[in-house]
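Visitor: Just dropping this structure here.
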Amino acid sequence: MQALIHVANALYLCSYLVKDIFWLRALTVVAGLVLLSFYAAQPAPLFAAIVWNVLFTIINVYQLVLLFLERRPVTLGEREQRLYRLVFRSLTPREFVKLLAVGRWQEAPANERLVEAGTALDRFIVIFTGKTGVRVGSKEIAQLGAGQFVGEMSFLTNQAPTADVVAIEPTHYVAWPKRDLSHFLETNPALRAAIQVVIGTDLVGKLRTP
Amino acid sequence: MRIGEPIPAVLDAAVVIDRAGESATFGTHIRGSPCLVSFLRHFGCIGCAEHIADIAPRLVELDDLGLRTLFVGNGEPRYIDGFLERVGLRDSHARVVTDPTLKIFEAAGLVRSRWGTFGLRAIGDVARGWSHGAASHGMEGDALQLGGVLMTDAAGTVAYYHRSKSLGDHPSASDLVDVALVLCARRSSAIY
């Protein structure tokens with residue numbers, strides 16, 4: 001029975017030697033279970049130590065499950081793959097899937113207005129296929145196509161749009177509700193930085209286009 | 001300083017010195033394009049090293065968005081070269097100037113604080129800095145002066161202002177990039 005405490009501590013020692021947090025936690029769980037059996041097998045079981053070890057094990061198992069879920073391979077469908085290659089290559093596929101889960105795929109027929117000047121915009125759009133025109137009054141000042149954002153200036157500045165954006169041809173796009181996207185980015189700092197790069201690149205490109 | 005208002009005249013006219021010992025007013029450094037100004041403490045400060053380690057990888061991004069970056073320290077100009085080497089900014093577009101008289105810090109509304117330098121919050125800042133791999137490099141300037149961050153548009157109007165409460169109290173790089181994106185978006189002829 002005395003051997004159990006040595007086995008447990010040898011496992012703890014191994015856990016301190018590994019760098020991967022998944023294996024560190026896994027070894028700790030096994031070590032904790034061995035230690036539990038040692039405490040339970042005492043002539044007078046050490047209940048305080050047992051309770052604490054059960055708590056540690058529950059926390060570690062929970063974190064292990066989260067790590068496992070995060071590390072599963074990501075599978076992208078064909079349109080998701082195309083959108084990923086088109087715009088979001090600076091994100092990891094898993095980050096991209098998380099981001100996409102907050103948005104919705106939508107379609108607009110030709111002549112549908114995606115953005116209306118003077119009306120607060122509550123969504124952020126990326127065009128997947130199709131073409132839209134940016135119009136100030138009756139004058140078209142720019143055209144936006146696949147891979148370009150619509151509504152990011154309004155999203156960033158919190159100002160109502162000063163231009164209409166109208167589908168010139170049937171347009172397939174992904175739209176994120178502004179509030180959901182803001183909340184999502186606040187709670188995912190790494191993704192926030194990656195999205196800032198993507199938005200910044202799009203914005204600078206638009207400003208450089210005459 | 002208030003967001004949406006011009007920087008105070010006293011700050012505009014405050015004199016800073018570059019690594020070559022050349023003097024210029026703060027206004028000449030920030031006018032003409034949007035600018036991110038990071039007021040550091042002394043050049044060996046661990047909190048500032050951590051802050052720069054956060055910002056440095058994103059300086060190119062800020063540059064692409066049309067922002068200039070200026071770091072203002074409070075040590076002697078002879079410390080600037082060593083500082084640039086340590087924080088890896090020697091080849092960046094960011095400029096580093098200093099004002100050992102601390103007048104610019106006062107003009108920018110930044111504080112000198114014993115509590116912010118040696119208090120509990122500061123101890124926490126140092127621990128966090130160490131955990132992020134930052135290090136202190138001796139006292140290269142005024143120990144008690146705290147820093148801050150100012151962002152201005154091309155006309156010198158305040159777009160963002162942060163006054164540090166302790167030696168490691170700095171905004172995140174992502175918060176600053178957000179303001180840079182807003183400044184960039186406002187340059188567009190139409191919002192959409």
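In the structure tokens, chains take letters A, B, ... by order of appearance, with residues numbered from 1 within each chain and ligands from 1 in the order shown.
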Residues of chain A that have any atom at most 9 Å from an atom of chain B: could you tabulate them with the shortest-distance atom pair and the distance in Å to one decimal, using only C-alpha atoms, ordered by chain and increasing number, as a Markdown table?
Guide:
| residue | atom | partner | partner_atom | distance |
| --- | --- | --- | --- | --- |
| A:Val115 | CA | B:Tyr192 | CA | 7.1 |
| A:Glu116 | CA | B:Tyr192 | CA | 8.6 |
| A:Ala117 | CA | B:Tyr192 | CA | 7.9 |
| A:Leu121 | CA | B:Tyr192 | CA | 8.6 |
| A:Val134 | CA | B:Tyr192 | CA | 7.9 |
| A:Val136 | CA | B:Ala190 | CA | 7.7 |
| A:Ile141 | CA | B:Ala190 | CA | 8.9 |
| A:Val150 | CA | B:Tyr192 | CA | 6.4 |
| A:Gly151 | CA | B:Tyr192 | CA | 4.9 |
| A:Glu152 | CA | B:Tyr192 | CA | 7.0 |
| A:Met153 | CA | B:Ala185 | CA | 5.4 |
| A:Ser154 | CA | B:Tyr192 | CA | 5.7 |
| A:Phe155 | CA | B:Tyr192 | CA | 8.8 |
| A:Leu156 | CA | B:Val182 | CA | 5.5 |
| A:Thr157 | CA | B:Val182 | CA | 5.4 |
| A:Gln159 | CA | B:Ile191 | CA | 7.6 |
| A:Ala160 | CA | B:Ile191 | CA | 7.4 |
| A:Pro161 | CA | B:Tyr192 | CA | 4.7 |
| A:Thr162 | CA | B:Ile191 | CA | 5.0 |
| A:Ala163 | CA | B:Tyr192 | CA | 5.7 |
| A:Asp164 | CA | B:Tyr192 | CA | 7.2 |
| A:Val165 | CA | B:Tyr192 | CA | 7.3 |
| A:Pro189 | CA | B:Ser174 | CA | 8.0 |
| A:Arg192 | CA | B:Ser174 | CA | 7.4 |
| A:Ala193 | CA | B:Ser174 | CA | 5.9 |
| A:Gln196 | CA | B:Val177 | CA | 7.3 |
| A:Val197 | CA | B:Glu61 | CA | 7.1 |
| A:Ile199 | CA | B:Leu181 | CA | 8.2 |
| A:Gly200 | CA | B:Leu181 | CA | 6.4 |
| A:Thr201 | CA | B:Asp64 | CA | 8.1 |
| A:Leu203 | CA | B:Ala185 | CA | 6.9 |
| A:Val204 | CA | B:Leu65 | CA | 6.5 |
| A:Lys206 | CA | B:Ser188 | CA | 8.3 |
| A:Leu207 | CA | B:Ser188 | CA | 6.2 |
Visitor: So that I can see what lies close to B:Arg2, please list as a count of residues only the residues with an atom at most 12 Å from it, counting only C-alpha atoms and leaving out residues fewer than 4 positions away in the same chain.
Guide: 15
Visitor: If we count only C-alpha atoms and set the cut-off at 8 Å, which residues sit around B:Ile17, ignoring sequence neighbours fewer than 2 positions away in its own chain? Please answer as a VMD selection string.
Guide: chain B and resid 15 19 to 24 77 97 to 99
Visitor: Got time to write the residues from that selection, N, CA and C atoms, as a JSON list (two decimals), in the first residue's frame?
Guide:
[["chain", "number", "residue", "atom", "x", "y", "z"],
["B", 15, "VAL", "N", 8.96, 70.88, -25.05],
["B", 15, "VAL", "CA", 10.15, 70.52, -25.82],
["B", 15, "VAL", "C", 10.61, 69.10, -25.47],
["B", 19, "ARG", "N", 17.56, 61.24, -29.71],
["B", 19, "ARG", "CA", 18.79, 60.57, -29.31],
["B", 19, "ARG", "C", 20.04, 61.34, -29.71],
["B", 20, "ALA", "N", 19.91, 62.20, -30.74],
["B", 20, "ALA", "CA", 21.07, 63.00, -31.17],
["B", 20, "ALA", "C", 21.20, 64.28, -30.36],
["B", 21, "GLY", "N", 20.26, 64.49, -29.44],
["B", 21, "GLY", "CA", 20.31, 65.69, -28.60],
["B", 21, "GLY", "C", 19.59, 66.87, -29.22],
["B", 22, "GLU", "N", 18.92, 66.64, -30.38],
["B", 22, "GLU", "CA", 18.19, 67.73, -31.05],
["B", 22, "GLU", "C", 16.86, 67.97, -30.33],
["B", 23, "SER", "N", 16.53, 69.25, -30.16],
["B", 23, "SER", "CA", 15.27, 69.61, -29.49],
["B", 23, "SER", "C", 14.20, 69.97, -30.52],
["B", 24, "ALA", "N", 12.97, 69.66, -30.21],
["B", 24, "ALA", "CA", 11.83, 70.07, -31.06],
["B", 24, "ALA", "C", 10.61, 70.09, -30.18],
["B", 77, "PRO", "N", 19.02, 61.66, -22.87],
["B", 77, "PRO", "CA", 19.04, 61.16, -24.25],
["B", 77, "PRO", "C", 20.06, 60.04, -24.48],
["B", 97, "VAL", "N", 11.80, 59.91, -28.09],
["B", 97, "VAL", "CA", 12.33, 61.19, -27.61],
["B", 97, "VAL", "C", 12.22, 61.18, -26.08],
["B", 98, "THR", "N", 12.77, 62.22, -25.48],
["B", 98, "THR", "CA", 12.73, 62.25, -24.02],
["B", 98, "THR", "C", 12.63, 63.68, -23.50],
["B", 99, "ASP", "N", 12.21, 63.77, -22.26],
["B", 99, "ASP", "CA", 12.18, 65.07, -21.58],
["B", 99, "ASP", "C", 12.55, 64.85, -20.11]]
Visitor: Which residues are near B:Gly116? Cut-off 8 Å, only C-alpha atoms, ignore same chain within fewer than 5 positions. Put them as a ChimeraX atom specification.
Guide: /B:121-122,144,146,165-167
Visitor: I need the residues from that last selection saved to file as a CSV table (one decimal), in the first residue's frame (with C-alpha atoms), if you can.
Guide:
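Result written to again39.csv:
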chain,number,residue,atom,x,y,z
B,121,ARG,CA,-0.8,47.5,-7.7
B,122,ALA,CA,2.8,48.3,-8.8
B,144,LEU,CA,8.2,58.2,-9.7
B,146,LEU,CA,4.1,57.5,-14.4
B,165,LYS,CA,-2.3,54.8,-12.3
B,166,SER,CA,0.7,52.6,-11.7
B,167,LEU,CA,3.9,51.6,-13.4
Visitor: Could you pull out the strand (DSSP E) residues of stretch 133-167 of chain A from DSSP and send them as an MDAnalysis selection string?
Guide: chainID A and resid 133:136 139:144 149:150 164:167
Visitor: Could the residues in this selection be saved with all heavy atoms as a tab-separated table (two decimals), in the first residue's frame?
Guide:
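Saved result, part10.tsv, follows:
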chain	number	residue	atom	x	y	z
A	133	GLY	N	-22.79	48.00	-55.02
A	133	GLY	CA	-22.36	49.37	-55.33
A	133	GLY	C	-22.56	50.26	-54.12
A	133	GLY	O	-23.55	50.15	-53.41
A	134	VAL	N	-21.56	51.13	-53.88
A	134	VAL	CA	-21.67	52.11	-52.78
A	134	VAL	C	-22.13	53.41	-53.41
A	134	VAL	O	-21.47	53.95	-54.30
A	134	VAL	CB	-20.30	52.30	-52.08
A	134	VAL	CG1	-20.43	53.30	-50.94
A	134	VAL	CG2	-19.76	50.97	-51.59
A	135	ARG	N	-23.28	53.90	-52.94
A	135	ARG	CA	-23.86	55.08	-53.57
A	135	ARG	C	-24.10	56.20	-52.56
A	135	ARG	O	-24.67	55.98	-51.50
A	135	ARG	CB	-25.19	54.72	-54.24
A	135	ARG	CG	-25.00	53.77	-55.40
A	135	ARG	CD	-26.32	53.31	-55.97
A	135	ARG	NE	-26.09	52.21	-56.91
A	135	ARG	CZ	-27.03	51.40	-57.36
A	135	ARG	NH1	-28.27	51.54	-56.96
A	135	ARG	NH2	-26.73	50.43	-58.20
A	136	VAL	N	-23.63	57.39	-52.95
A	136	VAL	CA	-23.96	58.59	-52.17
A	136	VAL	C	-24.93	59.37	-53.03
A	136	VAL	O	-24.55	59.88	-54.09
A	136	VAL	CB	-22.69	59.41	-51.85
A	136	VAL	CG1	-23.08	60.71	-51.13
A	136	VAL	CG2	-21.71	58.61	-51.02
A	139	LYS	N	-24.99	58.93	-57.01
A	139	LYS	CA	-23.64	58.70	-57.56
A	139	LYS	C	-23.00	57.46	-56.93
A	139	LYS	O	-22.94	57.33	-55.70
A	139	LYS	CB	-22.78	59.93	-57.27
A	139	LYS	CG	-21.42	59.88	-57.95
A	139	LYS	CD	-20.58	61.08	-57.54
A	139	LYS	CE	-19.16	60.91	-58.07
A	139	LYS	NZ	-18.25	61.84	-57.42
A	140	GLU	N	-22.53	56.58	-57.80
A	140	GLU	CA	-21.83	55.38	-57.29
A	140	GLU	C	-20.36	55.73	-57.07
A	140	GLU	O	-19.66	56.13	-58.01
A	140	GLU	CB	-21.96	54.24	-58.30
A	140	GLU	CG	-21.34	52.95	-57.76
A	140	GLU	CD	-21.68	51.75	-58.62
A	140	GLU	OE1	-22.82	51.27	-58.56
A	140	GLU	OE2	-20.78	51.29	-59.36
A	141	ILE	N	-19.89	55.60	-55.83
A	141	ILE	CA	-18.52	56.00	-55.54
A	141	ILE	C	-17.57	54.80	-55.46
A	141	ILE	O	-16.35	54.96	-55.49
A	141	ILE	CB	-18.43	56.81	-54.22
A	141	ILE	CG1	-18.96	55.99	-53.03
A	141	ILE	CG2	-19.15	58.14	-54.34
A	141	ILE	CD1	-18.60	56.56	-51.68
A	142	ALA	N	-18.11	53.59	-55.35
A	142	ALA	CA	-17.23	52.41	-55.29
A	142	ALA	C	-18.06	51.16	-55.53
A	142	ALA	O	-19.29	51.17	-55.40
A	142	ALA	CB	-16.56	52.33	-53.93
A	143	GLN	N	-17.38	50.11	-55.92
A	143	GLN	CA	-18.02	48.80	-56.02
A	143	GLN	C	-17.28	47.84	-55.09
A	143	GLN	O	-16.05	47.92	-54.97
A	143	GLN	CB	-17.97	48.28	-57.45
A	143	GLN	CG	-18.93	49.01	-58.38
A	143	GLN	CD	-19.11	48.31	-59.71
A	143	GLN	OE1	-18.42	47.34	-60.02
A	143	GLN	NE2	-20.07	48.79	-60.49
A	144	LEU	N	-18.04	47.00	-54.43
A	144	LEU	CA	-17.43	46.03	-53.52
A	144	LEU	C	-17.75	44.62	-54.00
A	144	LEU	O	-18.90	44.34	-54.37
A	144	LEU	CB	-17.97	46.22	-52.10
A	144	LEU	CG	-17.81	47.62	-51.48
A	144	LEU	CD1	-18.52	47.70	-50.14
A	144	LEU	CD2	-16.34	47.97	-51.32
A	149	PHE	N	-15.51	43.84	-47.13
A	149	PHE	CA	-16.44	44.08	-46.03
A	149	PHE	C	-17.42	45.19	-46.36
A	149	PHE	O	-17.09	46.12	-47.09
A	149	PHE	CB	-15.68	44.47	-44.76
A	149	PHE	CG	-14.89	43.36	-44.16
A	149	PHE	CD1	-13.51	43.36	-44.20
A	149	PHE	CD2	-15.52	42.27	-43.56
A	149	PHE	CE1	-12.76	42.33	-43.65
A	149	PHE	CE2	-14.79	41.24	-43.02
A	149	PHE	CZ	-13.42	41.26	-43.06
A	150	VAL	N	-18.59	45.09	-45.77
A	150	VAL	CA	-19.59	46.16	-45.84
A	150	VAL	C	-19.99	46.45	-44.40
A	150	VAL	O	-20.30	45.52	-43.66
A	150	VAL	CB	-20.84	45.71	-46.63
A	150	VAL	CG1	-21.89	46.82	-46.63
A	150	VAL	CG2	-20.48	45.32	-48.05
A	164	ASP	N	-25.43	54.49	-49.30
A	164	ASP	CA	-26.20	53.25	-49.49
A	164	ASP	C	-25.27	52.20	-50.08
A	164	ASP	O	-24.36	52.52	-50.84
A	164	ASP	CB	-27.34	53.47	-50.51
A	164	ASP	CG	-28.41	54.41	-49.97
A	164	ASP	OD1	-28.78	54.27	-48.79
A	164	ASP	OD2	-28.85	55.28	-50.74
A	165	VAL	N	-25.52	50.95	-49.73
A	165	VAL	CA	-24.82	49.85	-50.40
A	165	VAL	C	-25.90	48.94	-50.99
A	165	VAL	O	-26.75	48.42	-50.26
A	165	VAL	CB	-23.91	49.07	-49.44
A	165	VAL	CG1	-23.21	47.93	-50.19
A	165	VAL	CG2	-22.86	49.98	-48.80
A	166	VAL	N	-25.88	48.82	-52.32
A	166	VAL	CA	-26.95	48.10	-53.03
A	166	VAL	C	-26.36	46.95	-53.83
A	166	VAL	O	-25.31	47.11	-54.47
A	166	VAL	CB	-27.69	49.08	-53.99
A	166	VAL	CG1	-28.81	48.37	-54.73
A	166	VAL	CG2	-28.25	50.27	-53.21
A	167	ALA	N	-27.04	45.81	-53.80
A	167	ALA	CA	-26.56	44.65	-54.58
A	167	ALA	C	-26.73	44.95	-56.07
A	167	ALA	O	-27.84	45.26	-56.51
A	167	ALA	CB	-27.32	43.41	-54.18
Visitor: Which residues, written as a list in words, have at least one atom at most 10 Å from stretch 84-93 of chain A, with only C-alpha atoms counted and residues fewer than 4 positions away on the same chain left out?
Guide: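 Counting only C-alpha atoms, the residues come to Pro73, Val74, Thr75, Leu76, Glu78, Arg79, Glu80, Val97, Lys98, Leu99, Leu100, Val126, Ile127, Phe128, Ala146, Gly147, Gln148, Phe149, Ala190, Leu191, Ala193, Ala194, Ile195, Val197, Val198, Ile199, Thr201 and Asp202 of chain A.
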Visitor: Between atom CA of B:Asp142 and atom CA of B:Pro171, what distance in Å does the model show, to one decimal?
Guide: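 Interatomic distance here is 21.5 Å.
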Visitor: Taking only C-alpha atoms into account, name the residue in B:Ser164, B:Ser136, B:Ser33, B:Gln145 that is nearest to B:Arg86.
Guide: B:Ser136
Visitor: Skip stretch 3-7 of chain A itself and residues of its chain fewer than 4 positions away, then list as a ChimeraX atom specification all residues within 7 Å of it, counting only C-alpha atoms.
Guide: /A:11,34-35,38
